[in-house]
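Asks: What follows is a structure written as structure tokens; I'll ask about it next.
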Amino acid sequence: MASPDFTQELTCPICLEIFTHPVSLECGHHFCSSCISQSWQKVPGDVSCPQCRQVFTQRNVRPARTLSNVVDKFREVKVTQPQEEFYCQEHEEKLKLFCEVEQRAICVDCWSSEHQTHKDLHIKEAVHIYKNKLETSLETLQKQMDLSLHSKREREDGIFHMKAEVDRLRYEINSEFEKMHKFLFEKAELMKAELERKSNKIFEKMENNLSKTMDEISTLEGAIRDLKSRLEVQLAPEFLKDIQDLLTRSQMDFHKPGTVSTQLPVAIAGEPFKYIKVWKEMRAVISPAPASLTLDPETANNRLIISQDLTSVRHGNEEQILPEHPGRFNQYVYVLSSQSFTSGRHYWEVGLGYKPYWIVGVCRESVNRKADITHSPENGLWVIARFPGCKSLKIPDVISQLKVKPRKLGIYLDYEGGQVSFYNAEDMSHLYTFTDTFTGKLYAIFNPCRDNSEPLTLLSG
């Protein structure tokens with residue numbers, strides 16, 4: 001009768017070999033003396049058990065003499081006994097063949113009695129075939145590991161940049177609110193709390209993605225470790241033991257987590273803009289800061305009628321006879337502001353009244369004024385509209401989706417920040433934001449559209 005095999009019980013969890021000079025830790029786990037020494041060698045301060053992770057403040061190990069004696073006896077028995085793993089237990093013949101049907105090594109007698117109809121290989125040929133399969137699986141898993149590590153780096157970089165952006169916004173909020181006294185300080189604290197709440201939700205998604213990637217890495221590391229361990233086995237039957245199960249467990253793909261944007265949403269990144277809202281709440285203490293713009297008559301289409309104070313524009317029924325000017329819009333009924341912007345942050349408001357149609361926004365100085373215009377940032381126009389053909393004009397259709405149409409429009413331009421944002425100026429709710437890179441002069445642009453004589457009005461600060 002075969003003797004019981006205690007190899008697993010007498011194997012060091014670190015080197016995966018039979019114990020050599022075994023020692024015992026305070027938690028009761030055993031390791032080779034050299035293995036635990038090397039494991040703790042580079043660890044400063046407290047150490048832990050590699051198996052159960054219990055932390056020790058003292059590096060106390062005790063020689064496991066009883067276990068050492070058992071190991072010595074086991075080694076003697078293994079030397080004197082035939083290796084049951086490599087001989088057929090039924091026929092006591094050497095295992096020379098490998099049955100692919102039953103996935104095990106067999107002897108010649110086994111083949112003669114039970115396996116003649118099975119697909120059998122010479123054991124060395126089987127080792128060669130399955131070694132190639134394991135190496136292929138290892139190569140595939142290594143590629144998956146490379147993908148997962150790249151994904152991990154992407155997520156870590158994303159978290160770093162997101163935190164940097166949050167830090168920048170936090171500083172900006174503080175610097176703005178330092179200009180105000182106690183009331184404004186309290187407002188700043190409320191806004192920071194809102195920023196933290198919103199950004200934490202994004203961090204949570206990003207951390208979850210990173211956690212999933214780390215789990216994938218852990219699984220891949222385990223599979224790679226199993227394959228490498230098997231590839232180091234020299235004896236054929238031991239190498240081929242449960243080989244198909246090992247191959248099956250090693251077939252896995254890295255599943256890259258869903259992408260989470262590393263750019264803060266406008267709802268968060270636009271938080272500094274809410275100073276305007278705070279200022280409006282503080283009318284009794286400070287004055288609001290919207291800019292007081294005027295219109296430039298020399299840029300106005302000849303169907304537009306500009307008020308004497310240059311603060312309102314409406315569509316006329318007839319063309320006017322106006323001096324020819326290189327800056328005048330000939331094809332479209334547009335007019336620009338007299339003021340231009342080449343840096344800084346600016347805000348102005350436009351009274352829309354009950355106009356059914358209008359187009360308002362920002363444009364480059366170089367925008368085409370004499371022919372057709374494609375209403376897109378690529379052509380130097382960042383505008384929104386209340387207009388039936390918005391989509392055909394390539395203008396974002398954000399107004400038609402609102403149940404209550406805005407009667408006052410707020411426009412916020414951050415030149416260096418590359419942002420043009422639109423708000424319902426009555427409640428400061430966000431409507432739309434363009435993000436771009438600005439060069440040269442920018443102007444406010446207005447189109448009161450036909451079919452309504454009510455003007456667009458520039459509201460004074």
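Each chain of the structure tokens is named A, B, ... in the order shown, its residues numbered from 1; ligands are numbered from 1 in display order.
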Applying 8 Å and only C-alpha atoms, which residues near Gly418 of chain A remain after dropping the ones on its own chain fewer than 2 positions away? List them as a list of chain:residue names.
Replies: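 Within the cut-off, the hits are A:Leu413, A:Asp414, A:Tyr415, A:Glu416, A:Val420, A:Thr435, A:Asp436, A:Thr437, A:Phe438.
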Asks: Output C-alpha atoms of each residue in that selection to a file, as a PDB file, in the first residue's frame.
Replies:
```pdb
ATOM      1  CA  LEU A 413     -15.428  84.424 -21.278  1.00  0.00           C
ATOM      2  CA  ASP A 414     -12.245  83.032 -19.740  1.00  0.00           C
ATOM      3  CA  TYR A 415      -9.609  83.873 -22.363  1.00  0.00           C
ATOM      4  CA  GLU A 416      -6.602  82.045 -20.875  1.00  0.00           C
ATOM      5  CA  VAL A 420     -17.052  80.489 -23.285  1.00  0.00           C
ATOM      6  CA  THR A 435     -13.825  74.846 -24.626  1.00  0.00           C
ATOM      7  CA  ASP A 436     -11.155  76.044 -27.045  1.00  0.00           C
ATOM      8  CA  THR A 437      -7.825  77.836 -27.356  1.00  0.00           C
ATOM      9  CA  PHE A 438      -8.112  81.561 -28.061  1.00  0.00           C
TER      10      PHE A 438
END
```
Asks: Extract, using only C-alpha atoms, all DNA, RNA and protein residues at most 7 Å from segment 233-237 of chain A, discarding same-chain residues fewer than 6 positions from it, and format them as a PyMOL selection string.
Replies: chain A and resi 86+105+123+127
Asks: For N, CA and C atoms, I'd like the residues from the last selection saved as a tab-separated table (two decimals), in the first residue's frame.
Replies:
```tsv
chain	number	residue	atom	x	y	z
A	86	PHE	N	5.65	8.53	-10.39
A	86	PHE	CA	6.24	8.32	-11.70
A	86	PHE	C	6.17	6.86	-12.13
A	105	ALA	N	-0.62	10.51	-17.32
A	105	ALA	CA	0.46	9.64	-17.78
A	105	ALA	C	0.09	8.17	-17.51
A	123	ILE	N	5.55	10.24	-23.72
A	123	ILE	CA	5.54	11.22	-22.63
A	123	ILE	C	6.46	12.41	-22.93
A	127	VAL	N	5.28	16.28	-23.20
A	127	VAL	CA	5.93	17.38	-22.47
A	127	VAL	C	6.25	18.52	-23.43
```
Asks: From segment 343-404 of chain A, collect each residue whose DSSP state is strand (DSSP E) and return the set as a ChimeraX atom specification.
Replies: /A:345-351,358-364,381-386
Asks: Atom CA of Thr66 of chain A to atom CA of Cys35 of chain A: how many Å, to one decimal?
Replies: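 About the pair atom CA of Thr66 of chain A and atom CA of Cys35 of chain A: they are 18.8 Å apart.
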Asks: Excluding segment 444-459 of chain A and residues on its chain fewer than 3 positions from it, collect all residues at most 6 Å away from it, counting only C-alpha atoms, and give them as a list in words.
Replies: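 Result of the neighbour search: Thr311, Ser312, Val313, Arg314, His315, Val333, Tyr334, Val335, Leu336, Ser337, Glu349, Val350, Gly351, Leu352, Tyr357, Trp358, Ile359, Val360, Gly361 and Val362 of chain A.
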Asks: Neighbouring residues of segment 218-222 of chain A were defined as those with any atom within 9 Å, considering only C-alpha atoms; residues of the same chain fewer than 2 positions away were excluded. Please report them as a short mmCIF file (atom, residue, chain, number, x, y, z; two decimals) with C-alpha atoms, in the first residue's frame.
Replies:
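Result file is selection.cif:
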```cif
data_model
loop_
_atom_site.label_atom_id
_atom_site.label_comp_id
_atom_site.auth_asym_id
_atom_site.auth_seq_id
_atom_site.Cartn_x
_atom_site.Cartn_y
_atom_site.Cartn_z
CA LEU A 141 -0.82 36.52 -20.01
CA GLN A 142 2.31 38.65 -20.04
CA GLN A 144 -2.41 41.08 -20.66
CA MET A 145 -0.25 42.10 -17.72
CA THR A 213 -7.38 47.01 -12.58
CA MET A 214 -5.46 46.01 -9.45
CA ASP A 215 -7.74 42.98 -9.03
CA GLU A 216 -7.06 42.01 -12.65
CA ILE A 224 1.61 33.74 -14.35
CA ARG A 225 3.13 32.47 -11.12
CA ASP A 226 1.39 29.09 -11.57
CA LEU A 227 2.61 28.78 -15.16
CA SER A 250 -4.72 30.44 -17.43
CA MET A 252 -8.07 34.98 -19.25
CA ASP A 253 -8.22 38.40 -20.85
CA PHE A 254 -7.57 41.75 -19.26
#
```
Asks: Of the candidates A:Asp109, A:Glu318, A:Ser343, A:His255, which shows the shortest atom-to-atom distance to Leu147 of chain A, using only C-alpha atoms?
Replies: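 Of the candidates, the smallest distance to Leu147 of chain A is held by A:His255.
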